[in-house]
Amino acid sequence: MKPWYRIPIVDNNEKLISIPSGINFIEPHPYLSLGAPYKCKRTIWSLREGVVSRLVRANEYLQTIYNDYSLILYDSWRPVEVQSYMFYLAFESESNKRGLKIQPNEMNSYPEIIKEVEKFWAYPSFDDNCPPPHSTGGAIDLAIADGSGKLIDMGCEIDNMDASASPEFYKDRISKESIIWDDRRNLLKKVMVKFGFVQHPNEWWHFSYGDQLWAWINQNRNAIYGKIVGY
């Protein structure tokens with residue numbers, strides 16, 4: 001089976017649209033707060049039309065199960081320039097763990113660190129044949145919020161780069177907290193998968209529809225979303 005980033009793309013040309021106000025999202029945007037270079041003319045809270053419609057239905061479904069819960073977005077469409085900025089921040093963090101200070105132009109000399117970062121951050125490729133999932137408008141990072149709009153505890157923070165980020169990390173653990181966290185992760189997955197999304201194998205918070213990862217997991221012949229340009 002070919003790697004996910006080798007799946008062909010036949011873009012269906014769905015538009016990138018603003019996420020409706022009925023969906024909660026974190027403000028200010030976490031990456032904008034870190035200095036990410038969003039230079040687009042539209043709101044950064046945008047996704048493909050088909051993703052937005054599924055997201056709305058997923059949120060409504062969650063509220064039929066727990067009316068005090070709702071989905072809350074951490075990130076949505078991400079220009080490749082932003083992906084590049086955030087990838088280097090993650091690379092820098094991983095380098096610091098090793099006691100290294102590496103400049104951006106030296107990054108490719110450390111493939112072992114890149115490989116570790118790529119478990120959580122797609123390489124910021126500008127190649128139209130293998131765009132980062134978030135740059136297609138088909139990928140979302142999200143969690144569950146309670147009635148007051150506060151994120152419920154899922155066992156680790158979004159963008160945590162260690163084993164605890166794995167969707168099934170707490171599956172076989174028996175502490176009271178672990179059981180709660182596993183149940184919450186399973187609830188999020190149940191809600192999203194019901195509406196056609198797939199979950200990233202290393203991140204409980206990342207779901208996508210239409211991109212190459214989605215096609216790879218579903219064993220589809222091609223992805224239906226490529227890189228969004230012109231925004």
# chains A, B, ... in the order shown; residues from 1 in each chain; ligands from 1
>>> select_by_dssp(residues="segment 37-177 of chain A", states="strand (DSSP E or B)", output="ChimeraX atom specification")
/A:46-48,70-75,139-145,151
>>> write_last_selection(atoms="all heavy atoms", output="short mmCIF file (atom, residue, chain, number, x, y, z; two decimals), in the first residue's frame")
data_model
loop_
_atom_site.label_atom_id
_atom_site.label_comp_id
_atom_site.auth_asym_id
_atom_site.auth_seq_id
_atom_site.Cartn_x
_atom_site.Cartn_y
_atom_site.Cartn_z
N SER A 46 -11.91 28.60 8.29
CA SER A 46 -12.53 28.19 7.03
C SER A 46 -12.25 26.73 6.75
O SER A 46 -11.22 26.18 7.18
CB SER A 46 -12.00 29.03 5.86
OG SER A 46 -12.24 30.41 6.06
N LEU A 47 -13.16 26.09 6.02
CA LEU A 47 -13.02 24.69 5.59
C LEU A 47 -13.75 24.50 4.27
O LEU A 47 -14.53 25.37 3.85
CB LEU A 47 -13.61 23.74 6.65
CG LEU A 47 -12.87 23.62 7.99
CD1 LEU A 47 -13.76 22.97 9.03
CD2 LEU A 47 -11.57 22.84 7.82
N ARG A 48 -13.53 23.38 3.63
CA ARG A 48 -14.28 23.07 2.42
C ARG A 48 -15.77 22.92 2.74
O ARG A 48 -16.16 22.55 3.85
CB ARG A 48 -13.77 21.77 1.82
CG ARG A 48 -12.33 21.80 1.35
CD ARG A 48 -12.19 22.34 -0.05
NE ARG A 48 -10.84 22.07 -0.55
CZ ARG A 48 -10.55 21.81 -1.82
NH1 ARG A 48 -11.49 21.84 -2.74
NH2 ARG A 48 -9.29 21.55 -2.17
N SER A 70 -20.49 20.43 23.21
CA SER A 70 -20.44 20.88 21.82
C SER A 70 -19.01 20.74 21.32
O SER A 70 -18.05 20.71 22.11
CB SER A 70 -20.91 22.33 21.68
OG SER A 70 -20.08 23.19 22.44
N LEU A 71 -18.85 20.66 20.01
CA LEU A 71 -17.52 20.64 19.43
C LEU A 71 -16.92 22.03 19.51
O LEU A 71 -17.63 23.03 19.40
CB LEU A 71 -17.58 20.19 17.97
CG LEU A 71 -18.11 18.77 17.73
CD1 LEU A 71 -18.22 18.49 16.24
CD2 LEU A 71 -17.20 17.73 18.40
N ILE A 72 -15.61 22.09 19.67
CA ILE A 72 -14.91 23.37 19.67
C ILE A 72 -13.64 23.23 18.85
O ILE A 72 -12.87 22.28 19.04
CB ILE A 72 -14.61 23.87 21.10
CG1 ILE A 72 -13.97 25.26 21.06
CG2 ILE A 72 -13.78 22.87 21.90
CD1 ILE A 72 -13.95 25.97 22.41
N LEU A 73 -13.45 24.13 17.90
CA LEU A 73 -12.33 24.03 16.96
C LEU A 73 -11.09 24.72 17.50
O LEU A 73 -11.15 25.82 18.04
CB LEU A 73 -12.71 24.65 15.62
CG LEU A 73 -13.39 23.71 14.60
CD1 LEU A 73 -14.66 23.12 15.16
CD2 LEU A 73 -13.64 24.44 13.31
N TYR A 74 -9.97 24.03 17.31
CA TYR A 74 -8.65 24.55 17.68
C TYR A 74 -7.94 25.08 16.45
O TYR A 74 -7.22 26.06 16.52
CB TYR A 74 -7.85 23.41 18.31
CG TYR A 74 -6.55 23.83 18.95
CD1 TYR A 74 -6.51 24.23 20.29
CD2 TYR A 74 -5.36 23.78 18.24
CE1 TYR A 74 -5.31 24.60 20.88
CE2 TYR A 74 -4.15 24.14 18.84
CZ TYR A 74 -4.14 24.54 20.16
OH TYR A 74 -2.95 24.90 20.75
N ASP A 75 -8.17 24.42 15.30
CA ASP A 75 -7.58 24.87 14.04
C ASP A 75 -8.35 24.25 12.89
O ASP A 75 -8.94 23.18 13.02
CB ASP A 75 -6.10 24.46 13.96
CG ASP A 75 -5.37 25.15 12.80
OD1 ASP A 75 -5.76 26.28 12.45
OD2 ASP A 75 -4.44 24.55 12.25
N ALA A 139 -8.96 19.22 6.79
CA ALA A 139 -8.54 18.72 8.10
C ALA A 139 -8.91 19.69 9.21
O ALA A 139 -8.90 20.91 9.02
CB ALA A 139 -7.03 18.47 8.10
N ILE A 140 -9.24 19.13 10.36
CA ILE A 140 -9.66 19.93 11.51
C ILE A 140 -8.97 19.41 12.77
O ILE A 140 -8.83 18.21 12.96
CB ILE A 140 -11.18 19.81 11.78
CG1 ILE A 140 -11.98 19.64 10.51
CG2 ILE A 140 -11.69 20.98 12.61
CD1 ILE A 140 -13.43 19.24 10.78
N ASP A 141 -8.58 20.32 13.65
CA ASP A 141 -8.18 19.98 15.01
C ASP A 141 -9.29 20.48 15.92
O ASP A 141 -9.64 21.67 15.88
CB ASP A 141 -6.86 20.66 15.38
CG ASP A 141 -5.69 20.13 14.57
OD1 ASP A 141 -5.77 18.99 14.08
OD2 ASP A 141 -4.69 20.86 14.44
N LEU A 142 -9.83 19.59 16.74
CA LEU A 142 -10.96 20.00 17.56
C LEU A 142 -11.06 19.17 18.83
O LEU A 142 -10.40 18.14 18.97
CB LEU A 142 -12.27 19.93 16.78
CG LEU A 142 -12.95 18.58 16.54
CD1 LEU A 142 -14.32 18.79 15.91
CD2 LEU A 142 -12.13 17.65 15.67
N ALA A 143 -11.89 19.63 19.74
CA ALA A 143 -12.11 18.95 21.01
C ALA A 143 -13.58 19.12 21.38
O ALA A 143 -14.41 19.49 20.54
CB ALA A 143 -11.18 19.52 22.08
N ILE A 144 -13.88 18.85 22.64
CA ILE A 144 -15.26 18.99 23.14
C ILE A 144 -15.26 20.03 24.24
O ILE A 144 -14.37 20.06 25.10
CB ILE A 144 -15.79 17.64 23.69
CG1 ILE A 144 -15.88 16.61 22.55
CG2 ILE A 144 -17.15 17.83 24.35
CD1 ILE A 144 -16.24 15.21 23.03
N ALA A 145 -16.25 20.92 24.20
CA ALA A 145 -16.42 21.94 25.23
C ALA A 145 -17.66 21.65 26.05
O ALA A 145 -18.63 21.06 25.55
CB ALA A 145 -16.52 23.32 24.59
N LEU A 151 -12.98 23.76 27.45
CA LEU A 151 -12.58 22.46 26.93
C LEU A 151 -12.57 21.43 28.05
O LEU A 151 -12.05 21.69 29.15
CB LEU A 151 -11.17 22.52 26.33
CG LEU A 151 -11.04 22.98 24.88
CD1 LEU A 151 -11.34 24.46 24.76
CD2 LEU A 151 -9.64 22.69 24.35
#
>>> residues_around(residues="Ser125 of chain A", least_positions_apart="3", cutoff="10 Å", atoms="only C-alpha atoms", output="ChimeraX atom specification")
/A:80-81,83-84,122,128-132,135
>>> select_by_dssp(residues="segment 72-109 of chain A", states="helix (DSSP H, G or I)", output="PyMOL selection string")
chain A and resi 80-97+104-109
>>> closest_residue(among="A:Ile19, A:Leu100, A:Ile9, A:Ala90", to="Lys115 of chain A", atoms="only C-alpha atoms")
A:Ala90
